[in-house]
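Quick look at target_31.csv (CSV, C-alpha atoms):
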```
chain,number,residue,atom,x,y,z
A,1,MET,CA,262.1,194.7,12.5
A,2,LYS,CA,263.2,193.0,15.6
A,3,ASN,CA,259.6,192.3,16.5
A,4,ILE,CA,259.0,190.7,13.1
A,5,LEU,CA,261.9,188.3,13.4
A,6,TYR,CA,260.8,187.4,16.9
A,7,THR,CA,257.3,186.5,15.7
A,8,ILE,CA,258.6,184.4,12.8
A,9,GLY,CA,261.0,182.5,15.1
A,10,LEU,CA,258.2,181.8,17.6
A,11,ALA,CA,255.8,180.5,14.8
A,12,THR,CA,258.6,178.2,13.5
A,13,LEU,CA,259.2,176.8,16.9
A,14,LEU,CA,255.5,176.1,17.6
A,15,PHE,CA,255.1,174.4,14.1
A,16,SER,CA,258.1,172.1,14.8
A,17,CYS,CA,256.8,171.1,18.2
A,18,LYS,CA,253.4,170.2,16.6
A,19,GLU,CA,255.0,168.0,13.9
A,20,ALA,CA,257.1,166.2,16.6
A,21,LYS,CA,253.9,165.5,18.6
A,22,LYS,CA,252.2,164.1,15.5
A,23,GLU,CA,255.0,161.6,14.9
A,24,VAL,CA,254.7,160.0,18.3
A,25,GLU,CA,250.9,160.0,18.6
A,26,ALA,CA,249.4,156.5,18.5
A,27,PRO,CA,246.3,155.8,16.4
A,28,LYS,CA,243.1,156.1,18.3
A,29,ASP,CA,241.3,153.1,16.6
A,30,SER,CA,243.2,149.8,16.0
A,31,GLY,CA,240.3,148.3,14.1
A,32,LEU,CA,240.0,145.4,16.5
A,33,ILE,CA,237.0,144.1,18.3
A,34,THR,CA,237.8,143.6,22.0
A,35,VAL,CA,236.0,141.2,24.4
A,36,THR,CA,236.9,140.8,28.1
A,37,ALA,CA,237.4,137.3,29.5
A,38,THR,CA,234.3,137.8,31.7
A,39,GLN,CA,232.2,138.7,28.6
A,40,PHE,CA,233.7,135.8,26.7
A,41,LYS,CA,232.7,133.3,29.4
A,42,SER,CA,229.2,134.8,30.2
A,43,SER,CA,228.2,134.6,26.5
A,44,ALA,CA,229.5,131.1,26.1
A,45,MET,CA,231.8,132.1,23.2
A,46,GLU,CA,234.0,129.6,21.5
A,47,ILE,CA,237.1,129.8,19.4
A,48,ALA,CA,238.1,127.1,16.9
A,49,SER,CA,240.1,126.5,13.7
A,50,PRO,CA,238.5,125.8,10.3
A,51,LEU,CA,238.5,122.1,9.3
A,52,GLU,CA,238.9,120.3,6.1
A,53,GLN,CA,235.7,118.4,5.1
A,54,ASP,CA,233.8,117.0,2.1
A,55,PHE,CA,231.3,119.4,0.4
A,56,ASP,CA,228.7,118.6,-2.1
A,57,VAL,CA,229.0,120.5,-5.4
A,58,THR,CA,225.5,121.6,-6.3
A,59,ILE,CA,223.6,123.6,-8.9
A,60,LYS,CA,220.5,125.6,-8.1
A,61,ALA,CA,217.0,124.9,-9.3
A,62,SER,CA,213.4,125.8,-8.4
A,63,GLY,CA,210.1,124.2,-9.1
A,64,LYS,CA,207.1,122.7,-7.3
A,65,ILE,CA,205.6,119.6,-5.8
A,66,ASP,CA,203.4,117.9,-8.4
A,67,VAL,CA,201.8,114.6,-9.5
A,68,PRO,CA,201.8,112.9,-12.9
A,69,PRO,CA,198.9,113.8,-15.3
A,70,SER,CA,197.4,110.4,-14.8
A,71,ASN,CA,197.0,111.2,-11.1
A,72,LYS,CA,194.8,114.3,-11.7
A,73,ALA,CA,191.2,114.3,-12.7
A,74,LYS,CA,188.9,117.2,-13.6
A,75,ILE,CA,185.3,116.1,-13.4
A,76,THR,CA,183.0,117.5,-16.1
A,77,THR,CA,179.9,116.5,-18.0
A,78,PHE,CA,179.4,116.6,-21.7
A,79,ILE,CA,175.7,117.5,-21.3
A,80,GLY,CA,174.8,120.2,-18.9
A,81,GLY,CA,172.5,119.5,-15.9
A,82,TYR,CA,171.5,120.7,-12.4
A,83,VAL,CA,173.2,119.3,-9.4
A,84,LYS,CA,170.6,117.2,-7.6
A,85,SER,CA,172.9,115.8,-4.8
A,86,SER,CA,176.4,116.2,-3.6
A,87,LYS,CA,177.9,115.3,-0.2
A,88,LEU,CA,181.6,115.8,-0.8
A,89,LEU,CA,183.9,118.4,0.7
A,90,ILE,CA,187.4,119.6,-0.2
A,91,GLY,CA,189.8,117.1,1.5
A,92,ASP,CA,187.5,114.1,1.3
A,93,LYS,CA,189.0,110.9,0.0
A,94,VAL,CA,187.3,109.0,-2.8
A,95,THR,CA,188.0,105.7,-4.5
A,96,LYS,CA,187.9,104.8,-8.1
A,97,GLY,CA,184.3,104.1,-9.2
A,98,GLN,CA,182.8,105.9,-6.2
A,99,ALA,CA,179.6,108.0,-6.9
A,100,LEU,CA,180.5,111.7,-6.6
A,101,LEU,CA,177.3,113.5,-7.4
A,102,THR,CA,174.0,113.3,-9.4
A,103,LEU,CA,172.8,115.7,-12.1
A,104,GLU,CA,169.3,116.2,-13.4
A,105,SER,CA,168.2,117.5,-16.8
A,106,THR,CA,165.4,117.0,-19.3
A,107,GLU,CA,168.1,116.6,-22.0
A,108,PHE,CA,168.9,113.2,-20.5
A,109,LEU,CA,165.2,112.2,-21.1
A,110,ASP,CA,165.3,113.6,-24.7
A,111,MET,CA,168.4,111.6,-25.5
A,112,GLN,CA,166.8,108.4,-24.1
A,113,LYS,CA,163.6,109.1,-26.1
A,114,ASP,CA,165.6,109.4,-29.3
A,115,TYR,CA,167.4,106.3,-28.6
A,116,LEU,CA,164.3,104.3,-27.9
A,117,GLU,CA,162.6,105.5,-31.1
A,118,VAL,CA,165.7,104.4,-33.2
A,119,ALA,CA,165.9,101.1,-31.3
A,120,GLU,CA,162.3,100.4,-32.2
A,121,GLN,CA,162.8,101.3,-35.8
A,122,ILE,CA,166.0,99.4,-36.4
A,123,ASN,CA,164.5,96.0,-36.3
A,124,TYR,CA,162.0,96.9,-39.0
A,125,LEU,CA,164.6,98.6,-41.1
A,126,LYS,CA,166.9,95.6,-40.8
A,127,SER,CA,164.1,93.3,-41.8
A,128,GLU,CA,163.2,95.5,-44.8
A,129,PHE,CA,166.8,95.7,-45.9
A,130,ASP,CA,167.1,91.9,-45.8
A,131,ARG,CA,163.9,91.6,-47.8
A,132,GLN,CA,164.9,94.0,-50.5
A,133,LYS,CA,168.3,92.3,-50.8
A,134,THR,CA,166.6,89.0,-51.4
A,135,LEU,CA,164.3,90.5,-53.9
A,136,TYR,CA,167.1,92.3,-55.7
A,137,ASP,CA,169.2,89.1,-55.8
A,138,GLU,CA,166.3,87.3,-57.4
A,139,LYS,CA,165.8,90.2,-59.9
A,140,ILE,CA,162.4,90.9,-58.5
A,141,THR,CA,162.9,94.5,-57.2
A,142,SER,CA,164.9,97.4,-58.6
A,143,GLN,CA,168.4,98.3,-57.4
A,144,LYS,CA,167.0,101.7,-56.4
A,145,ASN,CA,164.6,100.1,-53.8
A,146,TYR,CA,167.4,97.9,-52.6
A,147,LEU,CA,169.9,100.8,-52.1
A,148,LYS,CA,167.3,102.9,-50.4
A,149,ALA,CA,166.5,100.1,-47.9
A,150,GLU,CA,170.2,99.7,-47.3
A,151,SER,CA,170.8,103.4,-46.8
A,152,ASP,CA,167.8,103.7,-44.3
A,153,TYR,CA,169.1,100.8,-42.3
A,154,ARG,CA,172.7,101.9,-42.1
A,155,ARG,CA,171.8,105.5,-41.2
A,156,ALA,CA,169.5,104.3,-38.4
A,157,LYS,CA,172.1,101.8,-37.2
A,158,GLY,CA,174.7,104.6,-37.0
A,159,LEU,CA,172.3,106.8,-35.1
A,160,TYR,CA,171.5,103.9,-32.8
A,161,LEU,CA,175.1,103.1,-32.0
A,162,GLY,CA,176.0,106.8,-31.5
A,163,LEU,CA,173.1,107.4,-29.1
A,164,ARG,CA,174.0,104.1,-27.3
A,165,GLU,CA,177.6,105.3,-26.7
A,166,LYS,CA,176.3,108.7,-25.4
A,167,LEU,CA,174.0,106.9,-22.9
A,168,LEU,CA,177.0,104.8,-21.7
A,169,LEU,CA,179.0,108.0,-21.2
A,170,LEU,CA,176.2,109.3,-19.1
A,171,ASN,CA,176.2,106.1,-17.1
A,172,ILE,CA,172.7,105.3,-18.4
A,173,ASN,CA,172.0,101.6,-19.2
A,174,PRO,CA,170.7,101.3,-22.8
A,175,ALA,CA,169.1,98.0,-22.0
A,176,GLN,CA,166.9,99.6,-19.4
A,177,VAL,CA,165.9,102.3,-21.8
A,178,GLU,CA,164.9,99.7,-24.4
A,179,LYS,CA,162.6,98.3,-21.8
A,180,GLY,CA,161.0,101.7,-21.4
A,181,LYS,CA,162.7,102.6,-18.1
A,182,MET,CA,164.0,106.2,-18.5
A,183,THR,CA,165.5,108.6,-16.0
A,184,SER,CA,166.1,112.3,-15.7
A,185,THR,CA,169.1,112.0,-13.5
A,186,ILE,CA,172.6,110.7,-14.0
A,187,THR,CA,175.4,109.7,-11.5
A,188,ILE,CA,179.0,110.8,-12.0
A,189,PHE,CA,181.6,108.4,-10.7
A,190,SER,CA,185.2,109.0,-9.8
A,191,PRO,CA,187.7,107.9,-12.5
A,192,ILE,CA,190.6,107.7,-10.0
A,193,SER,CA,191.2,107.3,-6.3
A,194,GLY,CA,192.5,110.4,-4.4
A,195,ASP,CA,191.6,113.5,-2.5
A,196,VAL,CA,189.0,116.1,-3.5
A,197,THR,CA,191.0,119.4,-4.0
A,198,VAL,CA,188.4,121.6,-5.8
A,199,MET,CA,184.6,121.5,-5.3
A,200,ASN,CA,182.5,123.9,-7.5
A,201,ALA,CA,179.1,122.2,-7.2
A,202,ASN,CA,176.2,123.1,-4.9
A,203,VAL,CA,172.8,121.6,-5.0
A,204,GLY,CA,170.6,123.3,-7.6
A,205,MET,CA,173.6,124.8,-9.5
A,206,PHE,CA,173.6,124.3,-13.3
A,207,MET,CA,176.8,122.8,-14.5
A,208,ALA,CA,177.6,123.4,-18.2
A,209,PRO,CA,179.8,121.1,-20.2
A,210,SER,CA,182.7,123.5,-20.0
A,211,ASP,CA,182.5,123.7,-16.1
A,212,VAL,CA,184.8,121.8,-13.9
A,213,ILE,CA,182.6,120.3,-11.3
A,214,LEU,CA,185.4,119.1,-9.0
A,215,GLU,CA,189.0,118.0,-9.1
A,216,ILE,CA,190.6,114.9,-7.6
A,217,ILE,CA,194.4,114.4,-7.1
A,218,ASN,CA,196.0,111.1,-6.2
A,219,THR,CA,199.1,112.0,-4.1
A,220,GLY,CA,200.5,108.4,-4.2
A,221,ASP,CA,203.0,109.4,-6.8
A,222,LEU,CA,203.9,112.9,-5.4
A,223,HIS,CA,207.2,114.1,-7.0
A,224,VAL,CA,209.3,117.3,-7.3
A,225,GLU,CA,209.3,119.0,-10.7
A,226,LEU,CA,212.3,121.3,-11.2
A,227,SER,CA,213.5,123.8,-13.8
A,228,VAL,CA,217.3,123.8,-14.3
A,229,PHE,CA,219.1,126.5,-16.4
A,230,GLU,CA,220.6,125.5,-19.7
A,231,LYS,CA,224.1,126.3,-18.5
A,232,ASP,CA,223.9,123.7,-15.8
A,233,ILE,CA,221.8,120.9,-17.4
A,234,LEU,CA,224.8,118.9,-18.7
A,235,LYS,CA,225.9,118.3,-15.1
A,236,VAL,CA,222.6,116.7,-14.1
A,237,LYS,CA,222.3,112.9,-14.3
A,238,GLU,CA,219.7,110.4,-13.1
A,239,GLU,CA,220.1,109.1,-9.5
A,240,GLN,CA,221.8,112.3,-8.3
A,241,LYS,CA,220.6,113.6,-4.9
A,242,ILE,CA,218.2,116.5,-4.7
A,243,LEU,CA,218.2,118.7,-1.6
A,244,PHE,CA,215.2,121.1,-1.4
A,245,THR,CA,213.2,123.3,1.0
A,246,VAL,CA,209.7,124.7,0.9
A,247,PRO,CA,210.5,128.4,1.8
A,248,GLU,CA,206.9,129.3,2.6
A,249,ALA,CA,206.3,126.4,5.0
A,250,SER,CA,209.6,125.4,6.6
A,251,ASN,CA,213.4,125.7,6.7
A,252,GLU,CA,213.7,121.9,6.8
A,253,ILE,CA,215.8,120.3,4.1
A,254,PHE,CA,214.1,117.4,2.3
A,255,GLN,CA,215.7,114.9,0.0
A,256,GLY,CA,214.8,113.4,-3.3
A,257,LYS,CA,216.5,111.8,-6.3
A,258,VAL,CA,216.7,112.7,-10.0
A,259,HIS,CA,214.6,110.3,-12.0
A,260,LEU,CA,214.2,111.9,-15.4
A,261,VAL,CA,216.0,114.7,-17.2
A,262,GLY,CA,214.2,116.6,-19.9
A,263,LYS,CA,215.4,116.6,-23.5
A,264,SER,CA,214.3,120.1,-24.6
A,265,ILE,CA,214.8,123.7,-23.5
A,266,GLU,CA,211.6,125.4,-22.5
A,267,GLY,CA,210.5,129.1,-22.4
A,268,ASN,CA,212.3,132.4,-22.7
A,269,ASP,CA,214.3,131.6,-19.5
A,270,ARG,CA,215.8,128.6,-21.3
A,271,THR,CA,215.4,125.9,-18.7
A,272,VAL,CA,215.1,122.2,-18.8
A,273,ASN,CA,212.6,120.1,-16.7
A,274,VAL,CA,214.0,117.7,-14.2
A,275,HIS,CA,211.7,115.1,-12.6
A,276,GLY,CA,212.6,113.9,-9.1
A,277,HIS,CA,211.3,111.0,-7.0
A,278,LEU,CA,210.6,111.3,-3.2
A,279,ASP,CA,210.6,108.8,-0.4
A,280,GLN,CA,207.3,107.8,1.0
A,281,SER,CA,208.1,109.5,4.4
A,282,VAL,CA,208.7,112.8,2.5
A,283,LYS,CA,205.5,112.5,0.4
A,284,GLN,CA,203.3,112.3,3.5
A,285,ARG,CA,204.5,115.7,4.6
A,286,LEU,CA,204.1,117.7,1.4
A,287,ILE,CA,201.2,119.0,-0.6
A,288,THR,CA,200.9,119.3,-4.4
A,289,GLY,CA,201.5,122.8,-5.7
A,290,MET,CA,204.1,123.8,-3.1
A,291,PHE,CA,206.9,126.0,-4.4
A,292,VAL,CA,210.4,124.6,-3.7
A,293,GLU,CA,214.0,125.9,-3.9
A,294,ALA,CA,216.4,123.1,-4.6
A,295,ARG,CA,220.0,122.1,-5.1
A,296,ILE,CA,221.1,119.1,-7.2
A,297,VAL,CA,224.3,117.4,-6.0
A,298,VAL,CA,226.5,116.9,-9.1
A,299,ALA,CA,229.9,116.2,-7.5
A,300,SER,CA,231.9,116.5,-4.2
A,301,LYS,CA,235.1,118.2,-3.2
A,302,LYS,CA,237.3,119.0,-0.2
A,303,GLY,CA,237.0,122.4,1.4
A,304,LEU,CA,237.7,124.5,4.4
A,305,ALA,CA,234.7,124.5,6.7
A,306,ILE,CA,233.4,126.7,9.5
A,307,PRO,CA,230.1,126.7,11.4
A,308,THR,CA,227.4,128.8,9.7
A,309,ASP,CA,227.1,130.6,13.1
A,310,ALA,CA,230.6,132.0,12.7
A,311,LEU,CA,229.8,133.9,9.5
A,312,ILE,CA,228.8,137.6,9.5
A,313,THR,CA,226.8,138.9,6.7
A,314,GLU,CA,226.8,142.7,5.9
A,315,ASN,CA,225.6,144.3,2.7
A,316,ASN,CA,225.8,141.0,0.8
A,317,LYS,CA,229.4,140.6,2.0
A,318,TYR,CA,230.8,138.0,4.3
A,319,TYR,CA,233.2,138.3,7.3
A,320,VAL,CA,234.7,136.2,10.1
A,321,LEU,CA,236.3,137.3,13.4
A,322,LEU,CA,239.9,136.2,13.4
A,323,LEU,CA,241.7,136.1,16.8
A,324,ASP,CA,244.5,138.7,16.9
A,325,ASN,CA,245.6,138.2,20.5
A,326,ASP,CA,244.3,137.1,23.9
A,327,LYS,CA,246.5,139.0,26.4
A,328,ASN,CA,245.7,140.5,29.8
A,329,GLU,CA,242.3,138.8,30.2
A,330,THR,CA,241.2,140.3,26.9
A,331,TYR,CA,240.4,138.8,23.5
A,332,SER,CA,241.0,140.9,20.4
A,333,PHE,CA,239.4,140.0,17.1
A,334,LYS,CA,240.1,141.2,13.6
A,335,LYS,CA,237.1,141.4,11.1
A,336,VAL,CA,238.3,139.6,8.0
A,337,ALA,CA,236.4,139.5,4.7
A,338,VAL,CA,235.9,136.0,3.2
A,339,THR,CA,234.3,134.4,0.2
A,340,VAL,CA,232.0,131.5,0.7
A,341,GLY,CA,231.3,128.4,-1.4
A,342,GLU,CA,229.1,125.4,-0.8
A,343,LYS,CA,226.9,124.9,2.2
A,344,THR,CA,225.6,122.1,4.4
A,345,GLU,CA,223.0,122.2,7.1
A,346,LYS,CA,225.5,123.4,9.8
A,347,THR,CA,228.7,124.4,8.0
A,348,ILE,CA,229.8,126.6,5.1
A,349,GLU,CA,232.8,126.4,2.9
A,350,LEU,CA,235.5,129.2,2.9
A,351,LEU,CA,237.1,129.7,-0.4
A,352,LYS,CA,240.8,130.4,-0.7
A,353,ASN,CA,241.9,133.2,1.6
A,354,ASN,CA,245.5,134.2,2.5
A,355,GLU,CA,244.5,135.1,6.1
A,356,ILE,CA,242.4,132.1,7.0
A,357,ASN,CA,243.7,128.5,7.1
A,358,THR,CA,243.5,125.4,9.2
A,359,THR,CA,245.7,127.0,11.9
A,360,SER,CA,243.7,130.2,12.2
A,361,LYS,CA,241.6,130.8,15.3
A,362,ILE,CA,238.2,132.3,14.7
A,363,LEU,CA,235.2,133.0,16.8
A,364,THR,CA,232.7,130.3,16.1
A,365,ARG,CA,230.1,130.9,18.8
A,366,GLY,CA,228.8,134.2,20.2
A,367,VAL,CA,229.5,136.2,17.1
A,368,PHE,CA,226.1,137.7,17.2
A,369,ASP,CA,226.6,139.0,20.7
A,370,ILE,CA,229.5,141.3,19.8
A,371,THR,CA,228.5,142.4,16.3
A,372,ASN,CA,225.0,143.6,17.1
```
Output the file's structure in the form of structure tokens.
Amino acid sequence: MKNILYTIGLATLLFSCKEAKKEVEAPKDSGLITVTATQFKSSAMEIASPLEQDFDVTIKASGKIDVPPSNKAKITTFIGGYVKSSKLLIGDKVTKGQALLTLESTEFLDMQKDYLEVAEQINYLKSEFDRQKTLYDEKITSQKNYLKAESDYRRAKGLYLGLREKLLLLNINPAQVEKGKMTSTITIFSPISGDVTVMNANVGMFMAPSDVILEIINTGDLHVELSVFEKDILKVKEEQKILFTVPEASNEIFQGKVHLVGKSIEGNDRTVNVHGHLDQSVKQRLITGMFVEARIVVASKKGLAIPTDALITENNKYYVLLLDNDKNETYSFKKVAVTVGEKTEKTIELLKNNEINTTSKILTRGVFDITN
């Protein structure tokens, strides 16, 4: 019995000592990030306070670089033929009215032959119609003969005019055909000035009426065509600034200006088209068809700004390093979660946060060196 009491007493004493030790034990990890003065200097770190500055209030949009429909031309032929000659390459510049290529086909000869036959008949039919009209007016011939002469003449005239217009569309001179000068080749001319962007023709290739022989784009009126979601469209007005990037080509921010705002909602994603104009200096650096990500500036506001280099991004959350103390040649920083708002090229807005204000000291340079 005495041994049992002794064992219980000893266990109680040991437990009490362990509890006392726990009460005075300091936590092993304070949660601070520590940097020595030497490290701070060698990494050229900097500490600064957030500043109040003006921020643009923007809405997001996406789209592409494009040109108006009048600045695009798809070259086709309404009668098929074989490519006889073509010297153009993709990227070549052409002017309006310039010869692009020649096509050859016996169908061109057939059409000219039909036209020549009708042209030779029409004078006779016109003369016969006039004669029958005179005889009918004088009660010498029957109305049947007069109406038949009129019908033959008008039918031939319609055929004549129709074939004449087709020849003109093929750039064949009807006057030369009437003189007996026919050709099996036609020349296709450029309807606009611009750059050749598509070339589907090789010498000897047959081009059907449905085939696009080549495409020409005039980049003189290059613009940005954006899609804005329905929820944002009432904020968009003409003359507002557009800031956009071409993600696949560059991180550079280009500028434009809202010129036209669409009046209808398009597609299942319920967006509205917004047409933006570009400065000439910007146009020269872009290519039609480029995908763009854009922000339209709809207002401005005051906000708390820090350099973008001061922001830490982890798992889609944002943090800054807030100075806790700088004692004994050591800088200690606390990792503080923040919410961000608008952005500029070099700064980002911090939304309301109880721990961060204009008197706070945060690490603005060298953040990457101590978080990676």
Between A:Ser210, A:Thr36, A:Gln112, A:Ser85, which residue has the minimum interatomic distance to Lys179 (chain A), considering only C-alpha atoms?
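Checking each candidate against Lys179 (chain A), we get A:Gln112 as the closest.
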Produce the centre coordinates and the three edge lengths, each in Å to one decimal, of the box along x, y and z that contains all listed atoms of region 75-93 of chain A with 8 Å added on each side, as JSON.
```
{"center_x": 180.2, "center_y": 115.8, "center_z": -10.1, "size_x": 35.2, "size_y": 25.8, "size_z": 39.2}
```
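Checking A:Asn202, A:Gln176, A:Ser250, A:Thr76 one by one against Ser190 (chain A), counting all atoms listed in the file, you find the shortest gap at A:Thr76.
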Expected residue set, 12 Å radius at (162.8, 102.3, -27.2), only C-alpha atoms, as a list in words:
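Nearby residues: Leu109, Asp110, Met111, Gln112, Lys113, Asp114, Tyr115, Leu116, Glu117, Val118, Ala119, Glu120, Gln121, Ile122, Asn123, Tyr160, Leu163, Arg164, Pro174, Ala175, Gln176, Val177, Glu178, Lys179, Gly180, Lys181 and Met182 of chain A.
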Suppose you want the space between CA of Glu215 (chain A) and CA of Lys74 (chain A); what is it in Å?
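Taking CA of Glu215 (chain A) as the start and CA of Lys74 (chain A) as the end point, the length is 4.6 Å.
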Find the residue from A:Ala249, A:Ile65, A:Met199, A:Ile242 that sits nearest to Ser86 (chain A); use all atoms listed in the file when measuring.
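Using all atoms listed in the file, the shortest distance to Ser86 (chain A) belongs to A:Met199.
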Val274 (chain A) environment, 8 Å, all atoms listed in the file, sequence neighbours closer than 3 positions dropped, as a PyMOL selection string:
chain A and resi 225-228+258-262
One decimal, Å: what's the distance from CA of Val320 (chain A) over to CA of Val297 (chain A), could you say?
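Atom-to-atom, CA of Val320 (chain A) to CA of Val297 (chain A), that is 26.8 Å.
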So how many Å separate CA of Asp130 (chain A) and CA of Leu147 (chain A), to one decimal?
11.3 Å
What lies within 10 Å of Asn353 (chain A) using all atoms listed in the file, ignoring chain neighbours under 6 positions off, as a ChimeraX atom specification?
/A:336-339
May I have the residues from that selection written out with C-alpha atoms, as a PDB file, in the coordinates of the input?
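Listed below is the output, result_18.pdb:
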```pdb
ATOM      1  CA  VAL A 336     238.300 139.600   8.000  1.00  0.00           C
ATOM      2  CA  ALA A 337     236.400 139.500   4.700  1.00  0.00           C
ATOM      3  CA  VAL A 338     235.900 136.000   3.200  1.00  0.00           C
ATOM      4  CA  THR A 339     234.300 134.400   0.200  1.00  0.00           C
TER       5      THR A 339
END
```
May I ask which of the residues A:Leu350, A:Leu322, A:Met205, A:Leu170 is the closest one to Glu46 (chain A), counting only C-alpha atoms?
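That would be A:Leu322, the residue with the smallest distance to Glu46 (chain A).
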